[in-house]
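Asker: Contents of upload.cif (mmCIF, C-alpha atoms):
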```
data_start
loop_
_atom_site.group_PDB
_atom_site.id
_atom_site.type_symbol
_atom_site.label_atom_id
_atom_site.label_comp_id
_atom_site.auth_asym_id
_atom_site.auth_seq_id
_atom_site.Cartn_x
_atom_site.Cartn_y
_atom_site.Cartn_z
ATOM 1 C CA MET L 1 68.838 134.000 83.975
ATOM 2 C CA MET L 2 70.257 130.500 84.304
ATOM 3 C CA VAL L 3 69.288 127.112 82.896
ATOM 4 C CA ALA L 4 70.514 123.687 83.969
ATOM 5 C CA SER L 5 72.782 121.503 81.873
ATOM 6 C CA ARG L 6 74.026 117.953 82.433
ATOM 7 C CA ASN L 7 77.695 117.007 82.231
ATOM 8 C CA LEU L 8 77.232 113.616 80.590
ATOM 9 C CA ARG L 9 80.758 112.549 81.526
ATOM 10 C CA LEU L 10 79.882 112.819 85.199
ATOM 11 C CA CYS L 11 76.277 111.590 85.097
ATOM 12 C CA THR L 12 75.915 108.273 86.966
ATOM 13 C CA LYS L 13 72.249 107.782 85.995
ATOM 14 C CA ASP L 14 70.831 107.961 89.522
ATOM 15 C CA CYS L 15 67.828 109.796 88.091
ATOM 16 C CA MET L 16 67.286 112.111 91.064
ATOM 17 C CA CYS L 17 66.944 114.953 88.534
ATOM 18 C CA LEU L 18 63.966 113.170 86.985
ATOM 19 C CA PHE L 19 62.265 112.882 90.385
ATOM 20 C CA VAL L 20 62.692 116.527 91.376
ATOM 21 C CA CYS L 21 62.170 118.370 88.087
ATOM 22 C CA PRO L 22 58.787 120.141 88.209
ATOM 23 C CA THR L 23 58.500 120.459 84.412
ATOM 24 C CA GLY L 24 60.036 117.255 83.026
ATOM 25 C CA ALA L 25 62.881 119.233 81.447
ATOM 26 C CA THR L 26 65.467 116.728 82.715
ATOM 27 C CA ASP L 27 63.811 113.721 81.017
ATOM 28 C CA THR L 28 64.725 113.751 77.328
ATOM 29 C CA GLU L 29 65.766 111.240 74.686
ATOM 30 C CA SER L 30 69.031 113.132 74.068
ATOM 31 C CA GLY L 31 70.168 112.815 77.677
ATOM 32 C CA GLN L 32 70.565 116.582 77.799
ATOM 33 C CA ILE L 33 68.215 118.895 79.715
ATOM 34 C CA ASP L 34 65.568 120.681 77.636
ATOM 35 C CA ALA L 35 66.499 124.344 78.144
ATOM 36 C CA SER L 36 63.137 125.532 76.813
ATOM 37 C CA LYS L 37 61.324 123.720 79.656
ATOM 38 C CA CYS L 38 63.910 124.478 82.362
ATOM 39 C CA LEU L 39 62.789 126.999 84.998
ATOM 40 C CA ASP L 40 65.156 129.959 85.297
ATOM 41 C CA GLY L 41 67.417 129.478 88.333
ATOM 42 C CA CYS L 42 65.288 126.652 89.822
ATOM 43 C CA ARG L 43 68.351 124.430 90.549
ATOM 44 C CA LEU L 44 66.375 121.592 92.211
ATOM 45 C CA CYS L 45 68.151 119.068 89.965
ATOM 46 C CA VAL L 46 71.540 120.671 90.593
ATOM 47 C CA ASP L 47 71.176 120.218 94.356
ATOM 48 C CA ALA L 48 69.624 116.747 94.112
ATOM 49 C CA CYS L 49 72.240 115.196 91.796
ATOM 50 C CA PRO L 50 74.496 112.811 93.793
ATOM 51 C CA GLY L 51 77.154 112.883 91.057
ATOM 52 C CA GLY L 52 77.413 116.672 90.874
ATOM 53 C CA ALA L 53 76.776 116.288 87.159
ATOM 54 C CA ILE L 54 74.333 119.184 86.659
ATOM 55 C CA TYR L 55 75.341 122.820 86.558
ATOM 56 C CA LEU L 56 73.631 126.121 85.793
ATOM 57 C CA VAL L 57 74.639 127.922 82.608
ATOM 58 C CA PRO L 58 74.401 131.683 83.083
ATOM 59 C CA ARG L 59 72.917 133.829 80.341
ATOM 60 C CA ASN L 60 74.213 137.126 81.702
ATOM 61 C CA TYR L 61 77.841 137.852 82.406
ATOM 62 C CA PRO L 62 79.669 140.660 84.193
ATOM 63 C CA LYS L 63 82.000 143.042 82.396
ATOM 64 C CA PRO L 64 85.425 141.412 81.842
ATOM 65 C CA GLN L 65 88.408 142.564 83.906
ATOM 66 C CA PRO L 66 90.163 145.580 82.417
ATOM 67 C CA LYS L 67 93.465 144.830 80.671
ATOM 68 C CA ARG L 68 96.497 147.103 80.621
ATOM 69 C CA GLU L 69 97.321 148.405 77.177
ATOM 70 C CA ASP L 70 100.983 147.334 77.162
ATOM 71 C CA VAL L 71 99.996 143.806 78.243
ATOM 72 C CA VAL L 72 97.429 143.616 75.437
ATOM 73 C CA LYS L 73 100.089 144.767 72.988
ATOM 74 C CA ALA L 74 102.550 142.123 74.185
ATOM 75 C CA LEU L 75 99.866 139.416 73.943
ATOM 76 C CA PHE L 76 98.984 140.440 70.409
ATOM 77 C CA ALA L 77 102.655 140.468 69.396
ATOM 78 C CA LEU L 78 102.767 136.861 70.580
ATOM 79 C CA ALA L 79 99.487 136.003 68.857
ATOM 80 C CA GLU L 80 100.879 137.411 65.625
ATOM 81 C CA SER L 81 103.994 135.288 65.984
ATOM 82 C CA LYS L 82 101.919 132.166 66.699
ATOM 83 C CA VAL L 83 99.824 132.831 63.595
ATOM 84 C CA LYS L 84 103.023 133.233 61.574
ATOM 85 C CA THR L 85 104.437 129.975 62.954
ATOM 86 C CA ARG L 86 101.126 128.281 62.211
ATOM 87 C CA ALA L 87 101.264 129.401 58.564
ATOM 88 C CA LEU L 88 104.859 128.138 58.314
ATOM 89 C CA ALA L 89 103.887 124.818 59.909
ATOM 90 C CA ASN L 90 101.178 124.430 57.289
ATOM 91 C CA GLY L 91 103.857 124.958 54.646
ATOM 92 C CA LEU L 92 105.821 121.929 55.861
ATOM 93 C CA GLY L 93 104.556 119.910 52.942
ATOM 94 C CA ASP L 94 103.589 116.299 52.562
ATOM 95 C CA ASP L 95 106.698 114.900 54.228
ATOM 96 C CA TYR L 96 105.246 115.765 57.629
ATOM 97 C CA PRO L 97 101.451 115.408 57.519
ATOM 98 C CA LEU L 98 101.042 114.494 61.193
ATOM 99 C CA ALA L 99 103.591 116.985 62.485
ATOM 100 C CA ARG L 100 101.864 119.673 60.434
ATOM 101 C CA LYS L 101 98.497 118.771 61.895
ATOM 102 C CA ALA L 102 99.799 118.617 65.474
ATOM 103 C CA LEU L 103 101.598 121.968 65.209
ATOM 104 C CA ASP L 104 98.592 123.577 63.515
ATOM 105 C CA PHE L 105 96.248 122.476 66.300
ATOM 106 C CA SER L 106 98.655 123.329 69.110
ATOM 107 C CA LEU L 107 99.447 126.760 67.644
ATOM 108 C CA GLU L 108 95.746 127.484 67.192
ATOM 109 C CA VAL L 109 95.267 126.871 70.920
ATOM 110 C CA LEU L 110 98.258 129.073 71.821
ATOM 111 C CA ALA L 111 97.152 131.932 69.567
ATOM 112 C CA GLU L 112 93.598 131.720 70.900
ATOM 113 C CA ASP L 113 94.866 131.890 74.457
ATOM 114 C CA CYS L 114 96.772 135.101 73.643
ATOM 115 C CA VAL L 115 93.764 136.831 72.074
ATOM 116 C CA ARG L 116 91.498 135.606 74.873
ATOM 117 C CA GLU L 117 93.734 137.136 77.544
ATOM 118 C CA GLY L 118 94.157 140.140 75.245
ATOM 119 C CA GLY L 119 90.483 141.091 75.629
ATOM 120 C CA TYR L 120 88.519 138.725 73.364
ATOM 121 C CA MET L 121 87.415 136.424 76.169
ATOM 122 C CA LEU L 122 83.675 136.958 76.417
ATOM 123 C CA PRO L 123 81.374 136.792 73.380
ATOM 124 C CA GLN L 124 78.936 139.198 75.084
ATOM 125 C CA SER L 125 81.567 141.876 75.810
ATOM 126 C CA VAL L 126 81.701 145.373 74.349
ATOM 127 C CA VAL L 127 85.081 144.452 72.816
ATOM 128 C CA THR L 128 83.488 141.580 70.872
ATOM 129 C CA LYS L 129 80.588 143.732 69.694
ATOM 130 C CA GLU L 130 82.937 146.473 68.502
ATOM 131 C CA PHE L 131 85.009 143.787 66.794
ATOM 132 C CA LEU L 132 81.946 142.514 64.910
ATOM 133 C CA LYS L 133 80.931 146.022 63.856
ATOM 134 C CA ASP L 134 84.462 146.689 62.610
ATOM 135 C CA LEU L 135 84.392 143.472 60.594
ATOM 136 C CA ARG L 136 81.111 144.493 58.983
ATOM 137 C CA GLU L 137 82.589 147.898 58.142
ATOM 138 C CA ARG L 138 85.800 146.469 56.748
ATOM 139 C CA TYR L 139 84.578 143.354 54.898
ATOM 140 C CA GLY L 140 80.909 144.145 54.245
ATOM 141 C CA ASP L 141 81.619 144.936 50.572
ATOM 142 C CA ASP L 142 82.992 141.465 49.857
ATOM 143 C CA PRO L 143 80.100 139.296 48.602
ATOM 144 C CA ALA L 144 81.789 136.208 50.094
ATOM 145 C CA PHE L 145 81.832 137.759 53.589
ATOM 146 C CA PRO L 146 79.143 136.234 55.861
ATOM 147 C CA VAL L 147 77.626 139.603 56.781
ATOM 148 C CA LYS L 148 74.373 137.936 57.871
ATOM 149 C CA ALA L 149 76.339 136.001 60.507
ATOM 150 C CA VAL L 150 77.641 139.298 61.888
ATOM 151 C CA GLU L 151 74.165 140.855 61.947
ATOM 152 C CA ARG L 152 72.703 137.826 63.662
ATOM 153 C CA LEU L 153 75.496 137.727 66.247
ATOM 154 C CA LEU L 154 74.961 141.407 67.040
ATOM 155 C CA ASP L 155 71.268 140.624 67.599
ATOM 156 C CA LEU L 156 71.909 137.549 69.733
ATOM 157 C CA LEU L 157 74.781 138.677 71.954
ATOM 158 C CA MET E 158 91.436 146.461 64.690
ATOM 159 C CA GLY E 159 92.578 147.366 61.195
ATOM 160 C CA ALA E 160 95.956 145.949 62.217
ATOM 161 C CA PHE E 161 94.806 142.343 62.526
ATOM 162 C CA ASN E 162 95.763 140.020 59.691
ATOM 163 C CA HIS E 163 93.540 137.192 58.481
ATOM 164 C CA GLY E 164 95.305 134.575 60.573
ATOM 165 C CA GLU E 165 94.696 136.638 63.713
ATOM 166 C CA LEU E 166 91.074 137.285 62.765
ATOM 167 C CA THR E 167 90.675 133.516 62.329
ATOM 168 C CA VAL E 168 91.847 132.714 65.866
ATOM 169 C CA ILE E 169 89.789 135.530 67.399
ATOM 170 C CA CYS E 170 86.729 133.951 65.742
ATOM 171 C CA THR E 171 87.597 130.336 66.641
ATOM 172 C CA ASN E 172 88.259 131.458 70.225
ATOM 173 C CA LEU E 173 84.829 133.129 70.403
ATOM 174 C CA ARG E 174 83.269 130.065 68.777
ATOM 175 C CA LYS E 175 84.693 127.864 71.529
ATOM 176 C CA ALA E 176 83.546 130.338 74.216
ATOM 177 C CA CYS E 177 79.989 130.145 72.805
ATOM 178 C CA GLU E 178 80.166 126.337 72.791
ATOM 179 C CA LYS E 179 81.076 126.391 76.484
ATOM 180 C CA GLN E 180 78.082 128.626 77.159
ATOM 181 C CA LEU E 181 75.970 126.098 75.174
ATOM 182 C CA ARG E 182 75.102 128.783 72.634
ATOM 183 C CA SER E 183 75.205 126.595 69.547
ATOM 184 C CA GLU E 184 73.745 129.101 67.094
ATOM 185 C CA GLU E 185 76.271 131.776 68.051
ATOM 186 C CA ALA E 186 79.077 129.185 67.960
ATOM 187 C CA ALA E 187 78.155 128.204 64.407
ATOM 188 C CA LEU E 188 78.082 131.861 63.316
ATOM 189 C CA PHE E 189 81.544 132.541 64.727
ATOM 190 C CA GLY E 190 82.555 129.340 62.945
ATOM 191 C CA ASN E 191 81.337 130.815 59.637
ATOM 192 C CA LEU E 192 83.439 133.918 60.210
ATOM 193 C CA ALA E 193 86.478 131.817 61.125
ATOM 194 C CA THR E 194 86.092 129.788 57.926
ATOM 195 C CA TYR E 195 85.936 132.989 55.862
ATOM 196 C CA PHE E 196 89.141 134.392 57.409
ATOM 197 C CA SER E 197 90.908 131.052 57.360
ATOM 198 C CA GLY E 198 90.287 130.884 53.614
ATOM 199 C CA LYS E 199 91.829 134.330 53.163
ATOM 200 C CA THR E 200 94.878 133.602 55.333
ATOM 201 C CA GLU E 201 98.127 134.238 53.528
ATOM 202 C CA CYS E 202 100.073 131.047 52.814
ATOM 203 C CA PRO E 203 103.853 131.550 52.790
ATOM 204 C CA GLY E 204 104.449 128.466 50.633
ATOM 205 C CA GLN E 205 106.912 125.694 51.355
ATOM 206 C CA ALA E 206 108.562 126.031 54.771
ATOM 207 C CA THR E 207 111.321 124.133 56.563
ATOM 208 C CA LEU E 208 111.642 122.899 60.142
ATOM 209 C CA GLN E 209 114.529 125.350 60.598
ATOM 210 C CA GLU E 210 112.416 128.354 59.586
ATOM 211 C CA ILE E 211 109.781 127.452 62.161
ATOM 212 C CA GLY E 212 112.496 126.921 64.752
ATOM 213 C CA ALA E 213 113.873 130.400 64.073
ATOM 214 C CA VAL E 214 110.526 132.081 64.828
ATOM 215 C CA ILE E 215 110.244 130.037 68.023
ATOM 216 C CA ASP E 216 113.770 131.025 69.120
ATOM 217 C CA GLU E 217 112.824 134.677 68.709
ATOM 218 C CA GLU E 218 109.665 134.208 70.804
ATOM 219 C CA LEU E 219 111.611 132.516 73.599
ATOM 220 C CA ALA E 220 114.410 135.094 73.496
ATOM 221 C CA THR E 221 112.333 138.282 73.399
ATOM 222 C CA LEU E 222 108.524 138.061 73.146
ATOM 223 C CA TYR E 223 107.911 135.817 76.163
ATOM 224 C CA PRO E 224 110.357 137.594 78.516
ATOM 225 C CA GLN E 225 108.935 141.003 77.542
ATOM 226 C CA ALA E 226 105.334 139.923 77.927
ATOM 227 C CA ASN E 227 106.126 138.262 81.269
ATOM 228 C CA GLU E 228 107.712 141.432 82.569
ATOM 229 C CA GLN E 229 104.686 143.526 81.591
ATOM 230 C CA ALA E 230 102.196 141.040 83.017
ATOM 231 C CA GLU E 231 104.181 140.952 86.253
ATOM 232 C CA ALA E 232 104.236 144.761 86.485
ATOM 233 C CA ALA E 233 100.493 144.925 85.794
ATOM 234 C CA GLY E 234 99.725 142.170 88.329
ATOM 235 C CA ASP E 235 97.817 140.418 85.542
ATOM 236 C CA ARG E 236 97.667 136.815 86.732
ATOM 237 C CA GLY E 237 95.466 135.661 83.846
ATOM 238 C CA THR E 238 98.088 136.768 81.372
ATOM 239 C CA LYS E 239 100.865 135.249 83.491
ATOM 240 C CA ARG E 240 99.005 131.928 83.351
ATOM 241 C CA ALA E 241 98.666 132.124 79.549
ATOM 242 C CA LEU E 242 102.372 132.979 79.219
ATOM 243 C CA LEU E 243 103.456 130.202 81.591
ATOM 244 C CA TRP E 244 101.536 127.531 79.684
ATOM 245 C CA GLY E 245 102.378 129.050 76.305
ATOM 246 C CA GLU E 246 106.093 129.214 76.987
ATOM 247 C CA LYS E 247 106.169 125.586 78.169
ATOM 248 C CA VAL E 248 104.316 124.442 75.048
ATOM 249 C CA THR E 249 106.611 126.542 72.860
ATOM 250 C CA ARG E 250 109.669 124.786 74.324
ATOM 251 C CA LEU E 251 107.981 121.479 73.507
ATOM 252 C CA HIS E 252 107.479 122.698 69.918
ATOM 253 C CA LYS E 253 111.188 123.490 69.737
ATOM 254 C CA SER E 254 112.173 120.062 70.992
ATOM 255 C CA PHE E 255 109.622 118.410 68.673
ATOM 256 C CA LEU E 256 111.125 120.208 65.656
ATOM 257 C CA MET E 257 114.655 119.167 66.626
ATOM 258 C CA ARG E 258 113.563 115.537 67.023
ATOM 259 C CA LEU E 259 111.885 115.665 63.601
ATOM 260 C CA GLU E 260 115.031 117.095 62.094
ATOM 261 C CA ARG E 261 117.107 114.228 63.486
ATOM 262 C CA ASN E 262 114.493 111.649 62.580
ATOM 263 C CA PRO E 263 111.976 112.632 59.868
ATOM 264 C CA LYS E 264 110.216 109.283 60.433
ATOM 265 C CA LEU E 265 109.558 110.054 64.113
ATOM 266 C CA LEU E 266 105.781 109.842 63.736
ATOM 267 C CA ASP E 267 105.690 106.783 61.466
ATOM 268 C CA GLU E 268 105.540 104.419 64.429
ATOM 269 C CA THR E 269 104.653 106.668 67.372
ATOM 270 C CA PRO E 270 101.462 108.732 67.698
ATOM 271 C CA VAL E 271 101.435 112.461 68.448
ATOM 272 C CA TRP E 272 98.898 114.043 70.825
ATOM 273 C CA VAL E 273 97.721 117.624 71.443
ATOM 274 C CA CYS E 274 95.808 119.037 74.415
ATOM 275 C CA GLU E 275 92.853 121.144 73.294
ATOM 276 C CA SER E 276 93.013 123.237 76.436
ATOM 277 C CA CYS E 277 96.668 124.373 76.488
ATOM 278 C CA GLY E 278 98.271 123.054 73.277
ATOM 279 C CA PHE E 279 100.535 120.521 75.063
ATOM 280 C CA LEU E 280 102.163 118.404 72.351
ATOM 281 C CA PHE E 281 103.327 114.887 73.129
ATOM 282 C CA VAL E 282 104.906 112.055 71.136
ATOM 283 C CA GLY E 283 104.198 108.645 72.703
ATOM 284 C CA ALA E 284 102.134 105.475 72.521
ATOM 285 C CA VAL E 285 99.553 106.634 75.078
ATOM 286 C CA SER E 286 98.665 110.110 76.340
ATOM 287 C CA PRO E 287 99.330 110.979 80.001
ATOM 288 C CA ALA E 288 96.266 110.608 82.279
ATOM 289 C CA ILE E 289 96.419 114.317 83.117
ATOM 290 C CA CYS E 290 97.933 117.065 80.987
ATOM 291 C CA PRO E 291 101.304 117.909 82.602
ATOM 292 C CA ILE E 292 100.910 121.580 81.687
ATOM 293 C CA CYS E 293 97.273 122.522 82.355
ATOM 294 C CA LYS E 294 96.218 119.420 84.389
ATOM 295 C CA VAL E 295 93.114 118.717 82.324
ATOM 296 C CA PRO E 296 92.046 115.012 82.158
ATOM 297 C CA ASN E 297 93.222 113.294 78.990
ATOM 298 C CA ILE E 298 89.744 113.209 77.481
ATOM 299 C CA LYS E 299 90.876 116.591 76.113
ATOM 300 C CA ILE E 300 94.220 115.338 74.803
ATOM 301 C CA HIS E 301 93.661 114.265 71.208
ATOM 302 C CA LYS E 302 95.558 111.822 69.039
ATOM 303 C CA MET E 303 96.432 113.430 65.713
ATOM 304 C CA GLU E 304 95.359 111.432 62.700
ATOM 305 C CA VAL E 305 95.438 111.978 58.940
ATOM 306 C CA ARG E 306 93.206 110.277 56.455
#
```
Starting from the coordinates I provided, produce the structure as structure tokens.
Answerer:
Amino acid sequence: MMVASRNLRLCTKDCMCLFVCPTGATDTESGQIDASKCLDGCRLCVDACPGGAIYLVPRNYPKPQPKREDVVKALFALAESKVKTRALANGLGDDYPLARKALDFSLEVLAEDCVREGGYMLPQSVVTKEFLKDLRERYGDDPAFPVKAVERLLDLL
Amino acid sequence: MGAFNHGELTVICTNLRKACEKQLRSEEAALFGNLATYFSGKTECPGQATLQEIGAVIDEELATLYPQANEQAEAAGDRGTKRALLWGEKVTRLHKSFLMRLERNPKLLDETPVWVCESCGFLFVGAVSPAICPICKVPNIKIHKMEVR
């Protein structure tokens, strides 16, 4: 299953997508394609767009590439260190508000990249689903824990 | 999974939130965002820290964690991990140099803006951001100027 989406940064408003769309899904006030009207895999607008601004967003994804255990361990050691550095950076105090913000953002990106390569790349993967179930098991007793978010994610993914 | 601390759980959730955004799954993205907020709120705060303390953790990463991880990724033929390590190590060296500049001149950012690339973490001090990220080559629409209210 795939629906079309418009990259608004690339769209040059040539309107070919409006001419070819059999359902009117491409003509909306938001400038984005109406996914509920878009025909699964139709791609007429994708092929007609002179700017290459429309792409198909897949709904189904293959199983992620397997990762070697020692590599995962090394990536998580790095992620842990990035998280530690991030906490320290946030302890820099009010003398360095911008430096703190820049380091926090940059370290978030670095830590995320480590966990992504370490197996948490695809929201629909078995790894992610097991992760969510473990969270529910471990934090479900805390009334502040958004357990409904976990349940809903397990339904949706 | 029991081994992950709250800071790690936060970045796993923000990473999955961003992945959902890229798949245009806004409901799922918001739900991962809720989880990230929960774990971020629980993240242990070590209190006041110094530039030198941060620098020490970075030195350790550059001396041992990156070389070890690189060796394992090389042996496994894991090019995705090698890419993450290549970018990450470059950005980490920039962090080190940034900290040393701040140490020499605590007012470094009073006059000059600081920028961060949302795709690779590239950190840059300068009046304008480069047109293309020198590390990951993304256009500078993804390189953000840091601002505080």
Asker: Can you tell me which residues surround region 26-38 of chain L at a distance of at most 12 Å, considering all atoms listed in the file, apart from same-chain residues fewer than 2 positions away, and format the answer as a ChimeraX atom specification?
Answerer: /L:1-9,11-13,15-24,40-46,49,53-59 /E:181-182
Asker: At a cut-off of 9 Å around the point (105.8, 136.6, 73.8) (file coordinates), what residues fall inside when counting only C-alpha atoms? I'd like the answer as a CSV table (one decimal) with C-alpha atoms, in the frame of the given file.
Answerer:
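What ended up in point17.csv:
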```csv
chain,number,residue,atom,x,y,z
L,74,ALA,CA,102.6,142.1,74.2
L,75,LEU,CA,99.9,139.4,73.9
L,76,PHE,CA,99.0,140.4,70.4
L,77,ALA,CA,102.7,140.5,69.4
L,78,LEU,CA,102.8,136.9,70.6
L,79,ALA,CA,99.5,136.0,68.9
L,81,SER,CA,104.0,135.3,66.0
E,217,GLU,CA,112.8,134.7,68.7
E,218,GLU,CA,109.7,134.2,70.8
E,219,LEU,CA,111.6,132.5,73.6
E,220,ALA,CA,114.4,135.1,73.5
E,221,THR,CA,112.3,138.3,73.4
E,222,LEU,CA,108.5,138.1,73.1
E,223,TYR,CA,107.9,135.8,76.2
E,224,PRO,CA,110.4,137.6,78.5
E,225,GLN,CA,108.9,141.0,77.5
E,226,ALA,CA,105.3,139.9,77.9
E,227,ASN,CA,106.1,138.3,81.3
E,242,LEU,CA,102.4,133.0,79.2
E,245,GLY,CA,102.4,129.0,76.3
E,246,GLU,CA,106.1,129.2,77.0
```
Asker: Nearest to Arg236 (chain E): which of L:Val71, L:Ala102, L:Val115, L:Ala144 is it, counting all atoms listed in the file?
Answerer: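 Closest to Arg236 (chain E), using all atoms listed in the file: L:Val71.
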Asker: Report the distance between CA of Val127 (chain L) and CA of Ala111 (chain L) in Å, rounded to one decimal place.
Answerer: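 Atom-to-atom, CA of Val127 (chain L) and CA of Ala111 (chain L) are spaced 17.7 Å apart.
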Asker: With distances taken over all atoms listed in the file, which residue among L:Val83, L:Val126, L:Leu135, L:Asp142 lies nearest Leu110 (chain L)?
Answerer: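 Of all the options, L:Val83 lies closest to Leu110 (chain L).
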Asker: Excluding same-chain residues fewer than 5 positions from Ala288 (chain E), what lies within 9 Å of it counting all atoms listed in the file, as a list in words?
Answerer: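 What passes the distance filter is Val295, Pro296, Asn297 and Ile298 of chain E.
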Asker: Expanded to explicit residues, what is the PyMOL selection byres ((chain E and resi 175) around 10) for this file, as a PyMOL selection string?
Answerer: (chain L and resi 112+123) or (chain E and resi 170-174+176-183+185-187+189-190)
Asker: Write to file, as a short mmCIF file (atom, residue, chain, number, x, y, z; two decimals), keeping the file's coordinate frame, the residues of the selection just made, with C-alpha atoms.
Answerer:
```
data_model
loop_
_atom_site.label_atom_id
_atom_site.label_comp_id
_atom_site.auth_asym_id
_atom_site.auth_seq_id
_atom_site.Cartn_x
_atom_site.Cartn_y
_atom_site.Cartn_z
CA GLU L 112 93.60 131.72 70.90
CA PRO L 123 81.37 136.79 73.38
CA CYS E 170 86.73 133.95 65.74
CA THR E 171 87.60 130.34 66.64
CA ASN E 172 88.26 131.46 70.22
CA LEU E 173 84.83 133.13 70.40
CA ARG E 174 83.27 130.06 68.78
CA ALA E 176 83.55 130.34 74.22
CA CYS E 177 79.99 130.15 72.81
CA GLU E 178 80.17 126.34 72.79
CA LYS E 179 81.08 126.39 76.48
CA GLN E 180 78.08 128.63 77.16
CA LEU E 181 75.97 126.10 75.17
CA ARG E 182 75.10 128.78 72.63
CA SER E 183 75.20 126.60 69.55
CA GLU E 185 76.27 131.78 68.05
CA ALA E 186 79.08 129.18 67.96
CA ALA E 187 78.16 128.20 64.41
CA PHE E 189 81.54 132.54 64.73
CA GLY E 190 82.56 129.34 62.94
#
```
Asker: Dump as a ChimeraX atom specification the residues of chain E that approach chain L to within 8 Å, counting all atoms listed in the file.
Answerer: /E:158,164-165,168-169,171-173,176-177,180-181,185,188-189,191-192,195,201-208,210-211,214-215,218,222-223,225-226,229-230,233,235,237-238,241,245,252,263,266,271-280,303-305
Asker: Please write the residues from the selection above to a file, keeping C-alpha atoms, as a PDB file, in the coordinates of the input.
Answerer:
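Final file, part.pdb:
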```pdb
ATOM      1  CA  MET E 158      91.436 146.461  64.690  1.00  0.00           C
ATOM      2  CA  GLY E 164      95.305 134.575  60.573  1.00  0.00           C
ATOM      3  CA  GLU E 165      94.696 136.638  63.713  1.00  0.00           C
ATOM      4  CA  VAL E 168      91.847 132.714  65.866  1.00  0.00           C
ATOM      5  CA  ILE E 169      89.789 135.530  67.399  1.00  0.00           C
ATOM      6  CA  THR E 171      87.597 130.336  66.641  1.00  0.00           C
ATOM      7  CA  ASN E 172      88.259 131.458  70.225  1.00  0.00           C
ATOM      8  CA  LEU E 173      84.829 133.129  70.403  1.00  0.00           C
ATOM      9  CA  ALA E 176      83.546 130.338  74.216  1.00  0.00           C
ATOM     10  CA  CYS E 177      79.989 130.145  72.805  1.00  0.00           C
ATOM     11  CA  GLN E 180      78.082 128.626  77.159  1.00  0.00           C
ATOM     12  CA  LEU E 181      75.970 126.098  75.174  1.00  0.00           C
ATOM     13  CA  GLU E 185      76.271 131.776  68.051  1.00  0.00           C
ATOM     14  CA  LEU E 188      78.082 131.861  63.316  1.00  0.00           C
ATOM     15  CA  PHE E 189      81.544 132.541  64.727  1.00  0.00           C
ATOM     16  CA  ASN E 191      81.337 130.815  59.637  1.00  0.00           C
ATOM     17  CA  LEU E 192      83.439 133.918  60.210  1.00  0.00           C
ATOM     18  CA  TYR E 195      85.936 132.989  55.862  1.00  0.00           C
ATOM     19  CA  GLU E 201      98.127 134.238  53.528  1.00  0.00           C
ATOM     20  CA  CYS E 202     100.073 131.047  52.814  1.00  0.00           C
ATOM     21  CA  PRO E 203     103.853 131.550  52.790  1.00  0.00           C
ATOM     22  CA  GLY E 204     104.449 128.466  50.633  1.00  0.00           C
ATOM     23  CA  GLN E 205     106.912 125.694  51.355  1.00  0.00           C
ATOM     24  CA  ALA E 206     108.562 126.031  54.771  1.00  0.00           C
ATOM     25  CA  THR E 207     111.321 124.133  56.563  1.00  0.00           C
ATOM     26  CA  LEU E 208     111.642 122.899  60.142  1.00  0.00           C
ATOM     27  CA  GLU E 210     112.416 128.354  59.586  1.00  0.00           C
ATOM     28  CA  ILE E 211     109.781 127.452  62.161  1.00  0.00           C
ATOM     29  CA  VAL E 214     110.526 132.081  64.828  1.00  0.00           C
ATOM     30  CA  ILE E 215     110.244 130.037  68.023  1.00  0.00           C
ATOM     31  CA  GLU E 218     109.665 134.208  70.804  1.00  0.00           C
ATOM     32  CA  LEU E 222     108.524 138.061  73.146  1.00  0.00           C
ATOM     33  CA  TYR E 223     107.911 135.817  76.163  1.00  0.00           C
ATOM     34  CA  GLN E 225     108.935 141.003  77.542  1.00  0.00           C
ATOM     35  CA  ALA E 226     105.334 139.923  77.927  1.00  0.00           C
ATOM     36  CA  GLN E 229     104.686 143.526  81.591  1.00  0.00           C
ATOM     37  CA  ALA E 230     102.196 141.040  83.017  1.00  0.00           C
ATOM     38  CA  ALA E 233     100.493 144.925  85.794  1.00  0.00           C
ATOM     39  CA  ASP E 235      97.817 140.418  85.542  1.00  0.00           C
ATOM     40  CA  GLY E 237      95.466 135.661  83.846  1.00  0.00           C
ATOM     41  CA  THR E 238      98.088 136.768  81.372  1.00  0.00           C
ATOM     42  CA  ALA E 241      98.666 132.124  79.549  1.00  0.00           C
ATOM     43  CA  GLY E 245     102.378 129.050  76.305  1.00  0.00           C
ATOM     44  CA  HIS E 252     107.479 122.698  69.918  1.00  0.00           C
ATOM     45  CA  PRO E 263     111.976 112.632  59.868  1.00  0.00           C
ATOM     46  CA  LEU E 266     105.781 109.842  63.736  1.00  0.00           C
ATOM     47  CA  VAL E 271     101.435 112.461  68.448  1.00  0.00           C
ATOM     48  CA  TRP E 272      98.898 114.043  70.825  1.00  0.00           C
ATOM     49  CA  VAL E 273      97.721 117.624  71.443  1.00  0.00           C
ATOM     50  CA  CYS E 274      95.808 119.037  74.415  1.00  0.00           C
ATOM     51  CA  GLU E 275      92.853 121.144  73.294  1.00  0.00           C
ATOM     52  CA  SER E 276      93.013 123.237  76.436  1.00  0.00           C
ATOM     53  CA  CYS E 277      96.668 124.373  76.488  1.00  0.00           C
ATOM     54  CA  GLY E 278      98.271 123.054  73.277  1.00  0.00           C
ATOM     55  CA  PHE E 279     100.535 120.521  75.063  1.00  0.00           C
ATOM     56  CA  LEU E 280     102.163 118.404  72.351  1.00  0.00           C
ATOM     57  CA  MET E 303      96.432 113.430  65.713  1.00  0.00           C
ATOM     58  CA  GLU E 304      95.359 111.432  62.700  1.00  0.00           C
ATOM     59  CA  VAL E 305      95.438 111.978  58.940  1.00  0.00           C
TER      60      VAL E 305
END
```
